[in-house]
file model08.cif (mmCIF, N, CA and C atoms)
data_model
#
loop_
_atom_site.label_atom_id
_atom_site.label_comp_id
_atom_site.auth_asym_id
_atom_site.auth_seq_id
_atom_site.Cartn_x
_atom_site.Cartn_y
_atom_site.Cartn_z
N MET A 14 102.15 113.03 112.33
CA MET A 14 102.96 113.82 111.41
C MET A 14 103.60 114.98 112.17
N ASP A 15 104.78 115.28 111.80
CA ASP A 15 105.51 116.39 112.38
C ASP A 15 104.96 117.69 111.78
N VAL A 16 104.24 118.46 112.59
CA VAL A 16 103.63 119.69 112.10
C VAL A 16 104.69 120.67 111.63
N HIS A 17 105.92 120.48 112.08
CA HIS A 17 106.99 121.36 111.64
C HIS A 17 107.23 121.25 110.14
N ALA A 18 106.76 120.19 109.54
CA ALA A 18 106.90 120.04 108.09
C ALA A 18 106.25 121.22 107.37
N PHE A 19 105.13 121.68 107.89
CA PHE A 19 104.47 122.82 107.27
C PHE A 19 105.27 124.10 107.46
N ASP A 20 105.99 124.20 108.59
CA ASP A 20 106.87 125.35 108.79
C ASP A 20 107.99 125.32 107.75
N VAL A 21 108.54 124.14 107.51
CA VAL A 21 109.61 124.00 106.52
C VAL A 21 109.10 124.37 105.14
N LEU A 22 107.94 123.83 104.76
CA LEU A 22 107.40 124.06 103.42
C LEU A 22 106.68 125.39 103.28
N GLY A 23 106.50 126.09 104.38
CA GLY A 23 105.85 127.39 104.33
C GLY A 23 106.70 128.46 103.65
N ASP A 24 107.97 128.20 103.51
CA ASP A 24 108.86 129.17 102.89
C ASP A 24 108.88 128.98 101.37
N PRO A 25 108.62 130.04 100.59
CA PRO A 25 108.57 129.90 99.13
C PRO A 25 109.89 129.47 98.49
N VAL A 26 111.01 129.85 99.10
CA VAL A 26 112.31 129.44 98.56
C VAL A 26 112.47 127.94 98.69
N ARG A 27 112.12 127.39 99.84
CA ARG A 27 112.26 125.95 100.04
C ARG A 27 111.28 125.18 99.15
N ARG A 28 110.07 125.71 98.97
CA ARG A 28 109.13 125.05 98.05
C ARG A 28 109.70 125.05 96.63
N ARG A 29 110.31 126.16 96.23
CA ARG A 29 110.89 126.24 94.89
C ARG A 29 112.04 125.24 94.73
N ILE A 30 112.85 125.11 95.75
CA ILE A 30 113.95 124.14 95.69
C ILE A 30 113.38 122.73 95.50
N LEU A 31 112.34 122.39 96.23
CA LEU A 31 111.73 121.07 96.06
C LEU A 31 111.15 120.90 94.66
N GLU A 32 110.56 121.98 94.12
CA GLU A 32 110.05 121.92 92.74
C GLU A 32 111.19 121.62 91.77
N LEU A 33 112.31 122.29 91.95
CA LEU A 33 113.46 122.06 91.08
C LEU A 33 113.95 120.62 91.19
N LEU A 34 113.91 120.08 92.38
CA LEU A 34 114.39 118.72 92.61
C LEU A 34 113.37 117.67 92.18
N SER A 35 112.13 118.06 91.96
CA SER A 35 111.12 117.07 91.57
C SER A 35 111.42 116.47 90.21
N ASP A 36 112.22 117.17 89.41
CA ASP A 36 112.61 116.65 88.09
C ASP A 36 113.82 115.73 88.17
N GLY A 37 114.43 115.64 89.34
CA GLY A 37 115.59 114.77 89.51
C GLY A 37 116.73 115.46 90.23
N GLU A 38 117.80 114.75 90.40
CA GLU A 38 118.97 115.21 91.14
C GLU A 38 119.57 116.47 90.50
N ARG A 39 119.98 117.40 91.34
CA ARG A 39 120.64 118.63 90.87
C ARG A 39 121.79 118.98 91.80
N ALA A 40 122.78 119.62 91.22
CA ALA A 40 123.92 120.09 92.00
C ALA A 40 123.52 121.32 92.80
N ALA A 41 124.13 121.46 93.97
CA ALA A 41 123.84 122.61 94.83
C ALA A 41 124.09 123.92 94.09
N GLY A 42 125.15 123.98 93.28
CA GLY A 42 125.46 125.20 92.54
C GLY A 42 124.38 125.55 91.53
N GLU A 43 123.83 124.56 90.88
CA GLU A 43 122.75 124.79 89.91
C GLU A 43 121.50 125.30 90.63
N ILE A 44 121.16 124.66 91.74
CA ILE A 44 120.01 125.10 92.54
C ILE A 44 120.24 126.54 92.98
N GLY A 45 121.45 126.79 93.49
CA GLY A 45 121.79 128.12 93.98
C GLY A 45 121.63 129.18 92.92
N ALA A 46 122.13 128.91 91.72
CA ALA A 46 122.05 129.90 90.64
C ALA A 46 120.61 130.25 90.31
N ILE A 47 119.75 129.23 90.23
CA ILE A 47 118.34 129.47 89.89
C ILE A 47 117.64 130.24 91.00
N VAL A 48 117.83 129.81 92.22
CA VAL A 48 117.16 130.43 93.36
C VAL A 48 117.66 131.86 93.59
N GLN A 49 118.97 132.07 93.43
CA GLN A 49 119.52 133.42 93.58
C GLN A 49 118.89 134.35 92.55
N GLU A 50 118.78 133.87 91.32
CA GLU A 50 118.19 134.68 90.24
C GLU A 50 116.73 135.00 90.51
N GLU A 51 115.98 133.99 90.93
CA GLU A 51 114.53 134.16 91.11
C GLU A 51 114.16 134.93 92.37
N PHE A 52 114.93 134.74 93.45
CA PHE A 52 114.55 135.33 94.73
C PHE A 52 115.49 136.45 95.19
N GLY A 53 116.60 136.63 94.49
CA GLY A 53 117.53 137.68 94.87
C GLY A 53 118.19 137.47 96.22
N ILE A 54 118.44 136.21 96.57
CA ILE A 54 119.11 135.94 97.84
C ILE A 54 120.54 135.49 97.57
N SER A 55 121.37 135.55 98.59
CA SER A 55 122.79 135.22 98.45
C SER A 55 122.99 133.70 98.41
N GLN A 56 124.18 133.30 98.00
CA GLN A 56 124.53 131.88 97.99
C GLN A 56 124.48 131.30 99.39
N PRO A 57 124.99 132.01 100.42
CA PRO A 57 124.86 131.47 101.78
C PRO A 57 123.39 131.32 102.20
N GLY A 58 122.53 132.21 101.72
CA GLY A 58 121.10 132.09 102.00
C GLY A 58 120.52 130.83 101.39
N VAL A 59 120.90 130.54 100.15
CA VAL A 59 120.44 129.32 99.48
C VAL A 59 120.95 128.10 100.25
N SER A 60 122.21 128.14 100.65
CA SER A 60 122.79 127.02 101.42
C SER A 60 122.02 126.77 102.70
N GLN A 61 121.59 127.84 103.35
CA GLN A 61 120.80 127.71 104.59
C GLN A 61 119.49 126.98 104.30
N HIS A 62 118.81 127.35 103.21
CA HIS A 62 117.54 126.69 102.86
C HIS A 62 117.78 125.22 102.52
N LEU A 63 118.86 124.92 101.82
CA LEU A 63 119.18 123.53 101.51
C LEU A 63 119.44 122.74 102.80
N ARG A 64 120.11 123.37 103.74
CA ARG A 64 120.39 122.70 105.02
C ARG A 64 119.11 122.42 105.78
N VAL A 65 118.18 123.39 105.80
CA VAL A 65 116.90 123.18 106.49
C VAL A 65 116.16 122.00 105.86
N LEU A 66 116.11 121.96 104.54
CA LEU A 66 115.43 120.85 103.85
C LEU A 66 116.11 119.51 104.18
N ARG A 67 117.42 119.49 104.18
CA ARG A 67 118.16 118.27 104.49
C ARG A 67 117.96 117.86 105.95
N ASP A 68 118.09 118.83 106.87
CA ASP A 68 117.96 118.53 108.30
C ASP A 68 116.57 118.01 108.66
N HIS A 69 115.54 118.42 107.92
CA HIS A 69 114.18 117.98 108.20
C HIS A 69 113.76 116.80 107.32
N GLY A 70 114.72 116.24 106.58
CA GLY A 70 114.48 115.01 105.85
C GLY A 70 113.81 115.15 104.50
N PHE A 71 113.66 116.37 103.98
CA PHE A 71 113.00 116.56 102.69
C PHE A 71 113.93 116.31 101.51
N THR A 72 115.23 116.40 101.76
CA THR A 72 116.19 116.15 100.69
C THR A 72 117.29 115.22 101.20
N LYS A 73 117.94 114.59 100.24
CA LYS A 73 119.14 113.80 100.51
C LYS A 73 120.25 114.46 99.71
N VAL A 74 121.45 114.35 100.21
CA VAL A 74 122.60 114.92 99.51
C VAL A 74 123.69 113.88 99.43
N ARG A 75 124.38 113.89 98.31
CA ARG A 75 125.54 113.01 98.16
C ARG A 75 126.66 113.81 97.53
N ALA A 76 127.87 113.45 97.90
CA ALA A 76 129.04 114.13 97.36
C ALA A 76 129.50 113.41 96.10
N GLU A 77 129.87 114.21 95.12
CA GLU A 77 130.50 113.69 93.90
C GLU A 77 131.67 114.62 93.61
N GLY A 78 132.83 114.21 94.07
CA GLY A 78 133.98 115.11 94.00
C GLY A 78 133.72 116.30 94.91
N THR A 79 133.85 117.49 94.34
CA THR A 79 133.60 118.70 95.14
C THR A 79 132.14 119.14 95.08
N ARG A 80 131.36 118.48 94.23
CA ARG A 80 129.95 118.87 94.09
C ARG A 80 129.07 118.17 95.12
N ARG A 81 128.01 118.83 95.50
CA ARG A 81 126.99 118.24 96.37
C ARG A 81 125.73 118.11 95.53
N LEU A 82 125.22 116.88 95.40
CA LEU A 82 124.05 116.61 94.58
C LEU A 82 122.86 116.33 95.49
N TYR A 83 121.78 117.06 95.25
CA TYR A 83 120.57 116.96 96.07
C TYR A 83 119.46 116.23 95.32
N THR A 84 118.69 115.46 96.07
CA THR A 84 117.47 114.82 95.57
C THR A 84 116.37 114.97 96.61
N VAL A 85 115.14 114.80 96.17
CA VAL A 85 114.01 114.82 97.10
C VAL A 85 113.96 113.49 97.84
N ASP A 86 113.69 113.56 99.11
CA ASP A 86 113.37 112.35 99.88
C ASP A 86 111.84 112.37 100.04
N PRO A 87 111.13 111.44 99.41
CA PRO A 87 109.67 111.50 99.41
C PRO A 87 109.01 111.13 100.74
N ALA A 88 109.73 110.55 101.67
CA ALA A 88 109.11 110.08 102.92
C ALA A 88 108.33 111.18 103.65
N PRO A 89 108.90 112.36 103.91
CA PRO A 89 108.12 113.37 104.63
C PRO A 89 106.94 113.89 103.81
N LEU A 90 107.07 113.87 102.48
CA LEU A 90 105.96 114.31 101.64
C LEU A 90 104.81 113.32 101.71
N ARG A 91 105.13 112.03 101.78
CA ARG A 91 104.08 111.01 101.94
C ARG A 91 103.39 111.18 103.29
N GLU A 92 104.17 111.53 104.30
CA GLU A 92 103.61 111.77 105.63
C GLU A 92 102.61 112.93 105.60
N ILE A 93 102.98 114.00 104.92
CA ILE A 93 102.08 115.15 104.78
C ILE A 93 100.83 114.75 104.01
N ASP A 94 101.02 113.98 102.95
CA ASP A 94 99.89 113.52 102.15
C ASP A 94 98.91 112.71 103.00
N ARG A 95 99.44 111.82 103.83
CA ARG A 95 98.57 111.03 104.73
C ARG A 95 97.82 111.94 105.69
N TRP A 96 98.49 112.95 106.22
CA TRP A 96 97.85 113.88 107.14
C TRP A 96 96.74 114.65 106.42
N LEU A 97 97.01 115.09 105.19
CA LEU A 97 96.01 115.85 104.42
C LEU A 97 94.84 114.99 103.98
N ASP A 98 95.02 113.68 103.94
CA ASP A 98 93.99 112.78 103.44
C ASP A 98 92.65 112.98 104.17
N ARG A 99 92.70 113.25 105.47
CA ARG A 99 91.45 113.42 106.22
C ARG A 99 90.67 114.66 105.77
N TYR A 100 91.33 115.60 105.09
CA TYR A 100 90.68 116.83 104.65
C TYR A 100 90.31 116.80 103.17
N ARG A 101 90.80 115.79 102.45
CA ARG A 101 90.56 115.71 101.02
C ARG A 101 89.08 115.70 100.67
N GLY A 102 88.26 115.11 101.51
CA GLY A 102 86.82 115.05 101.26
C GLY A 102 86.20 116.42 101.10
N PHE A 103 86.76 117.42 101.75
CA PHE A 103 86.19 118.77 101.65
C PHE A 103 86.24 119.30 100.22
N TRP A 104 87.34 119.00 99.51
CA TRP A 104 87.41 119.52 98.15
C TRP A 104 87.02 118.50 97.10
N THR A 105 87.17 117.21 97.38
CA THR A 105 86.80 116.23 96.35
C THR A 105 85.30 116.20 96.12
N GLN A 106 84.50 116.38 97.18
CA GLN A 106 83.05 116.42 97.00
C GLN A 106 82.66 117.61 96.12
N ARG A 107 83.28 118.73 96.36
CA ARG A 107 82.98 119.92 95.56
C ARG A 107 83.42 119.74 94.11
N LEU A 108 84.57 119.11 93.91
CA LEU A 108 85.05 118.86 92.55
C LEU A 108 84.14 117.86 91.84
N ASP A 109 83.66 116.85 92.56
CA ASP A 109 82.72 115.90 91.96
C ASP A 109 81.44 116.61 91.55
N ALA A 110 80.95 117.50 92.42
CA ALA A 110 79.73 118.25 92.11
C ALA A 110 79.95 119.15 90.90
N LEU A 111 81.10 119.77 90.82
CA LEU A 111 81.42 120.62 89.66
C LEU A 111 81.45 119.77 88.39
N GLY A 112 82.06 118.60 88.45
CA GLY A 112 82.09 117.70 87.30
C GLY A 112 80.69 117.32 86.84
N THR A 113 79.80 117.06 87.79
CA THR A 113 78.40 116.73 87.46
C THR A 113 77.73 117.90 86.76
N GLU A 114 77.94 119.11 87.29
CA GLU A 114 77.31 120.29 86.68
C GLU A 114 77.87 120.56 85.28
N LEU A 115 79.16 120.37 85.09
CA LEU A 115 79.75 120.56 83.76
C LEU A 115 79.18 119.55 82.76
N ALA A 116 79.05 118.29 83.20
CA ALA A 116 78.48 117.27 82.32
C ALA A 116 77.03 117.60 81.98
N ARG A 117 76.27 118.06 82.96
CA ARG A 117 74.88 118.43 82.72
C ARG A 117 74.81 119.57 81.69
N GLY A 118 75.67 120.55 81.83
CA GLY A 118 75.70 121.67 80.90
C GLY A 118 76.04 121.22 79.48
N ARG A 119 76.98 120.29 79.36
CA ARG A 119 77.34 119.77 78.02
C ARG A 119 76.17 119.02 77.40
N ARG A 120 75.48 118.21 78.22
CA ARG A 120 74.32 117.48 77.71
C ARG A 120 73.24 118.44 77.22
N GLU A 121 72.99 119.48 78.00
CA GLU A 121 71.95 120.45 77.62
C GLU A 121 72.34 121.19 76.34
N ARG A 122 73.62 121.52 76.18
CA ARG A 122 74.05 122.20 74.95
C ARG A 122 73.90 121.27 73.74
N ARG A 123 74.27 119.99 73.92
CA ARG A 123 74.11 119.03 72.81
C ARG A 123 72.65 118.89 72.43
N ARG A 124 71.76 118.79 73.43
CA ARG A 124 70.33 118.68 73.15
C ARG A 124 69.83 119.89 72.40
N ALA A 125 70.29 121.07 72.82
CA ALA A 125 69.86 122.31 72.16
C ALA A 125 70.37 122.36 70.73
N GLU A 126 71.58 121.85 70.50
CA GLU A 126 72.13 121.84 69.15
C GLU A 126 71.44 120.81 68.26
N ASP A 127 71.01 119.70 68.85
CA ASP A 127 70.35 118.63 68.09
C ASP A 127 68.89 118.93 67.80
N THR A 128 68.29 119.80 68.59
CA THR A 128 66.89 120.15 68.40
C THR A 128 66.79 121.21 67.31
N PRO A 129 66.00 120.94 66.26
CA PRO A 129 65.87 121.96 65.21
C PRO A 129 65.23 123.23 65.75
N ALA A 130 65.73 124.35 65.27
CA ALA A 130 65.18 125.64 65.70
C ALA A 130 63.75 125.78 65.20
N ASP A 131 62.95 126.42 66.00
CA ASP A 131 61.54 126.64 65.64
C ASP A 131 61.49 127.78 64.63
N HIS A 132 61.07 127.49 63.42
CA HIS A 132 61.02 128.48 62.35
C HIS A 132 59.57 128.92 62.08
N SER A 133 58.80 129.25 63.05
CA SER A 133 57.40 129.62 62.85
C SER A 133 57.26 130.90 62.10
#
call {"tool": "encode", "arguments": {"input": "model08.cif", "output": "C-alpha coordinates"}}
result
Amino acid sequence: MDVHAFDVLGDPVRRRILELLSDGERAAGEIGAIVQEEFGISQPGVSQHLRVLRDHGFTKVRAEGTRRLYTVDPAPLREIDRWLDRYRGFWTQRLDALGTELARGRRERRRAEDTPADHS
(Lines of atoms letter the chains of each structure in order from A and count residues from 1; the text may use other names and numbers.)
(Lines give C-alpha, C1' and ligand atoms only; values in the text may rest on other atoms or scores of the structure.)
Protein backbone atom coordinates (compact mmCIF):
# COMPACT_ATOMS: atom_id res chain seq x y z
CA MET A 1 0.00 0.00 0.00
CA ASP A 2 1.12 3.50 -0.75
CA VAL A 3 1.72 5.02 2.69
CA HIS A 4 1.18 8.40 1.08
CA ALA A 5 -2.53 7.58 1.17
CA PHE A 6 -2.47 8.41 4.87
CA ASP A 7 -0.81 11.74 4.07
CA VAL A 8 -3.62 12.49 1.63
CA LEU A 9 -6.35 11.46 4.09
CA GLY A 10 -4.62 13.12 7.03
CA ASP A 11 -6.06 16.46 5.97
CA PRO A 12 -9.54 17.17 7.43
CA VAL A 13 -10.66 19.09 4.34
CA ARG A 14 -9.89 16.15 2.06
CA ARG A 15 -11.60 13.73 4.45
CA ARG A 16 -14.67 15.99 4.42
CA ILE A 17 -14.68 16.07 0.63
CA LEU A 18 -14.63 12.27 0.54
CA GLU A 19 -17.49 12.22 3.08
CA LEU A 20 -19.51 14.50 0.83
CA LEU A 21 -18.79 12.27 -2.16
CA SER A 22 -19.70 9.08 -0.28
CA ASP A 23 -23.36 9.93 -0.95
CA GLY A 24 -22.72 10.10 -4.70
CA GLU A 25 -21.48 12.34 -7.46
CA ARG A 26 -21.29 16.08 -6.77
CA ALA A 27 -20.31 19.12 -8.77
CA ALA A 28 -17.06 20.85 -7.88
CA GLY A 29 -19.00 24.07 -7.19
CA GLU A 30 -21.29 22.33 -4.71
CA ILE A 31 -18.33 20.73 -2.93
CA GLY A 32 -16.57 24.08 -2.92
CA ALA A 33 -19.50 25.93 -1.39
CA ILE A 34 -19.85 23.42 1.46
CA VAL A 35 -16.13 23.20 2.20
CA GLN A 36 -15.64 26.98 1.99
CA GLU A 37 -18.48 27.46 4.49
CA GLU A 38 -17.27 24.78 6.89
CA PHE A 39 -13.52 25.44 6.77
CA GLY A 40 -13.31 29.08 5.72
CA ILE A 41 -10.95 28.40 2.83
CA SER A 42 -10.96 29.97 -0.62
CA GLN A 43 -12.29 28.40 -3.81
CA PRO A 44 -8.71 27.96 -5.12
CA GLY A 45 -7.90 26.18 -1.85
CA VAL A 46 -10.81 23.79 -2.37
CA SER A 47 -9.67 23.21 -5.96
CA GLN A 48 -6.20 22.31 -4.68
CA HIS A 49 -7.67 19.68 -2.31
CA LEU A 50 -9.80 18.25 -5.12
CA ARG A 51 -6.70 18.04 -7.31
CA VAL A 52 -4.73 16.21 -4.60
CA LEU A 53 -7.57 13.68 -4.20
CA ARG A 54 -7.80 13.21 -7.97
CA ASP A 55 -4.01 12.98 -8.49
CA HIS A 56 -3.74 10.29 -5.79
CA GLY A 57 -6.64 8.29 -7.22
CA PHE A 58 -9.22 8.90 -4.48
CA THR A 59 -11.65 10.65 -6.80
CA LYS A 60 -12.65 10.55 -10.44
CA VAL A 61 -13.84 13.60 -12.31
CA ARG A 62 -15.90 13.95 -15.45
CA ALA A 63 -16.91 17.00 -17.40
CA GLU A 64 -20.54 17.81 -18.05
CA GLY A 65 -20.61 21.02 -20.02
CA THR A 66 -18.75 23.56 -17.91
CA ARG A 67 -19.28 21.59 -14.69
CA ARG A 68 -16.81 19.13 -13.21
CA LEU A 69 -18.50 16.22 -11.43
CA TYR A 70 -16.54 14.29 -8.80
CA THR A 71 -17.06 10.77 -7.46
CA VAL A 72 -15.12 8.57 -5.05
CA ASP A 73 -12.82 6.00 -6.56
CA PRO A 74 -12.97 3.15 -4.03
CA ALA A 75 -9.76 1.40 -5.16
CA PRO A 76 -7.34 3.28 -2.87
CA LEU A 77 -9.79 2.98 0.03
CA ARG A 78 -9.90 -0.80 -0.43
CA GLU A 79 -6.10 -0.78 -0.43
CA ILE A 80 -6.08 1.08 2.90
CA ASP A 81 -8.68 -1.33 4.28
CA ARG A 82 -6.49 -4.30 3.33
CA TRP A 83 -3.50 -2.66 5.01
CA LEU A 84 -5.53 -1.98 8.18
CA ASP A 85 -6.82 -5.56 8.23
CA ARG A 86 -3.67 -6.78 10.00
CA TYR A 87 -4.44 -4.41 12.91
CA ARG A 88 -8.18 -5.08 13.15
CA GLY A 89 -7.59 -7.86 15.67
CA PHE A 90 -6.42 -5.30 18.22
CA TRP A 91 -9.82 -3.69 18.44
CA THR A 92 -12.14 -6.53 17.44
CA GLN A 93 -11.00 -8.68 20.37
CA ARG A 94 -11.72 -5.82 22.74
CA LEU A 95 -15.11 -5.18 21.15
CA ASP A 96 -15.96 -8.88 21.42
CA ALA A 97 -14.98 -8.81 25.10
CA LEU A 98 -17.12 -5.72 25.64
CA GLY A 99 -20.07 -7.45 23.96
CA THR A 100 -19.63 -10.44 26.29
CA GLU A 101 -19.56 -8.19 29.36
CA LEU A 102 -22.66 -6.29 28.22
CA ALA A 103 -24.54 -9.55 27.64
CA ARG A 104 -23.47 -10.81 31.08
CA GLY A 105 -24.72 -7.59 32.68
CA ARG A 106 -28.09 -7.89 30.91
CA ARG A 107 -28.46 -11.50 32.06
CA GLU A 108 -27.67 -10.55 35.65
CA ARG A 109 -30.19 -7.68 35.57
CA ARG A 110 -32.89 -9.99 34.18
CA ARG A 111 -32.16 -12.56 36.89
CA ALA A 112 -32.35 -9.87 39.55
CA GLU A 113 -35.66 -8.64 38.14
CA ASP A 114 -37.09 -12.18 37.94
CA THR A 115 -36.06 -13.07 41.49
CA PRO A 116 -38.68 -11.97 44.01
CA ALA A 117 -37.41 -9.50 46.56
CA ASP A 118 -36.81 -10.88 50.03
CA HIS A 119 -39.59 -9.45 52.21
CA SER A 120 -38.42 -10.75 55.61
call {"tool": "resolve_selection", "arguments": {"input": "model08.cif", "expression": "the PyMOL selection byres ((chain A and resi 39-42) around 7)", "output": "PyMOL selection string"}}
result
chain A and resi 33-34+37-38+43-47+80-84
call {"tool": "select_by_dssp", "arguments": {"input": "model08.cif", "residues": "chain A", "states": "alpha helix (DSSP H)", "output": "ChimeraX atom specification"}}
result
/A:17-22,25-34,41-52,56-68,88-98,101-127
call {"tool": "resolve_selection", "arguments": {"input": "model08.cif", "expression": "the PyMOL selection byres (((chain A and resi 71-78 and name CA) around 12) and name CA)", "output": "VMD selection string"}}
result
chain A and resid 17 to 19 21 to 22 27 to 28 30 to 35 37 to 41 62 to 70 79 to 93
call {"tool": "atom_distance", "arguments": {"input": "model08.cif", "atom1": "atom CA of A:Arg95", "atom2": "atom CA of A:Asp20"}}
result
17.0 Å
call {"tool": "select_by_dssp", "arguments": {"input": "model08.cif", "residues": "chain A", "states": "strand (DSSP E or B)", "output": "list in words"}}
result
Arg39, Ala40, Thr72, Lys73, Val74, Arg75, Ala76, Glu77, Arg80, Arg81, Leu82, Tyr83, Thr84 and Val85 of chain A
call {"tool": "atom_distance", "arguments": {"input": "model08.cif", "atom1": "atom N of A:Ser55", "atom2": "atom C of A:Val26"}}
result
11.7 Å
call {"tool": "atom_distance", "arguments": {"input": "model08.cif", "atom1": "atom C of A:Glu51", "atom2": "atom CA of A:Gly23"}}
result
16.4 Å
call {"tool": "closest_residue", "arguments": {"input": "model08.cif", "among": "A:Gln56, A:Ala116, A:Arg99, A:Val48", "to": "A:Arg29", "atoms": "all atoms listed in the file"}}
result
A:Val48
call {"tool": "decode", "arguments": {"input": "model08.cif", "residues": "stretch 81-92 of chain A", "atoms": "N, CA and C atoms", "output": "PDB file, in the first residue's frame"}}
result
ATOM      1  N   ARG A  81     -17.674  20.275 -13.489  1.00  0.00           N
ATOM      2  CA  ARG A  81     -16.814  19.131 -13.206  1.00  0.00           C
ATOM      3  C   ARG A  81     -17.501  18.337 -12.104  1.00  0.00           C
ATOM      4  N   LEU A  82     -17.795  17.069 -12.381  1.00  0.00           N
ATOM      5  CA  LEU A  82     -18.495  16.217 -11.430  1.00  0.00           C
ATOM      6  C   LEU A  82     -17.517  15.207 -10.843  1.00  0.00           C
ATOM      7  N   TYR A  83     -17.477  15.158  -9.517  1.00  0.00           N
ATOM      8  CA  TYR A  83     -16.544  14.290  -8.797  1.00  0.00           C
ATOM      9  C   TYR A  83     -17.272  13.108  -8.173  1.00  0.00           C
ATOM     10  N   THR A  84     -16.589  11.967  -8.168  1.00  0.00           N
ATOM     11  CA  THR A  84     -17.055  10.771  -7.463  1.00  0.00           C
ATOM     12  C   THR A  84     -15.869  10.144  -6.737  1.00  0.00           C
ATOM     13  N   VAL A  85     -16.176   9.309  -5.767  1.00  0.00           N
ATOM     14  CA  VAL A  85     -15.124   8.575  -5.055  1.00  0.00           C
ATOM     15  C   VAL A  85     -14.656   7.423  -5.935  1.00  0.00           C
ATOM     16  N   ASP A  86     -13.372   7.211  -5.963  1.00  0.00           N
ATOM     17  CA  ASP A  86     -12.820   5.997  -6.564  1.00  0.00           C
ATOM     18  C   ASP A  86     -12.464   5.083  -5.388  1.00  0.00           C
ATOM     19  N   PRO A  87     -13.171   3.969  -5.216  1.00  0.00           N
ATOM     20  CA  PRO A  87     -12.975   3.145  -4.028  1.00  0.00           C
ATOM     21  C   PRO A  87     -11.668   2.345  -3.999  1.00  0.00           C
ATOM     22  N   ALA A  88     -10.966   2.238  -5.104  1.00  0.00           N
ATOM     23  CA  ALA A  88      -9.764   1.396  -5.159  1.00  0.00           C
ATOM     24  C   ALA A  88      -8.740   1.740  -4.072  1.00  0.00           C
ATOM     25  N   PRO A  89      -8.331   3.002  -3.902  1.00  0.00           N
ATOM     26  CA  PRO A  89      -7.339   3.280  -2.867  1.00  0.00           C
ATOM     27  C   PRO A  89      -7.889   3.056  -1.455  1.00  0.00           C
ATOM     28  N   LEU A  90      -9.197   3.221  -1.282  1.00  0.00           N
ATOM     29  CA  LEU A  90      -9.794   2.982   0.034  1.00  0.00           C
ATOM     30  C   LEU A  90      -9.772   1.495   0.361  1.00  0.00           C
ATOM     31  N   ARG A  91      -9.993   0.655  -0.650  1.00  0.00           N
ATOM     32  CA  ARG A  91      -9.901  -0.801  -0.432  1.00  0.00           C
ATOM     33  C   ARG A  91      -8.470  -1.184  -0.082  1.00  0.00           C
ATOM     34  N   GLU A  92      -7.510  -0.521  -0.719  1.00  0.00           N
ATOM     35  CA  GLU A  92      -6.101  -0.775  -0.431  1.00  0.00           C
ATOM     36  C   GLU A  92      -5.783  -0.443   1.029  1.00  0.00           C
TER      37      GLU A  92
END
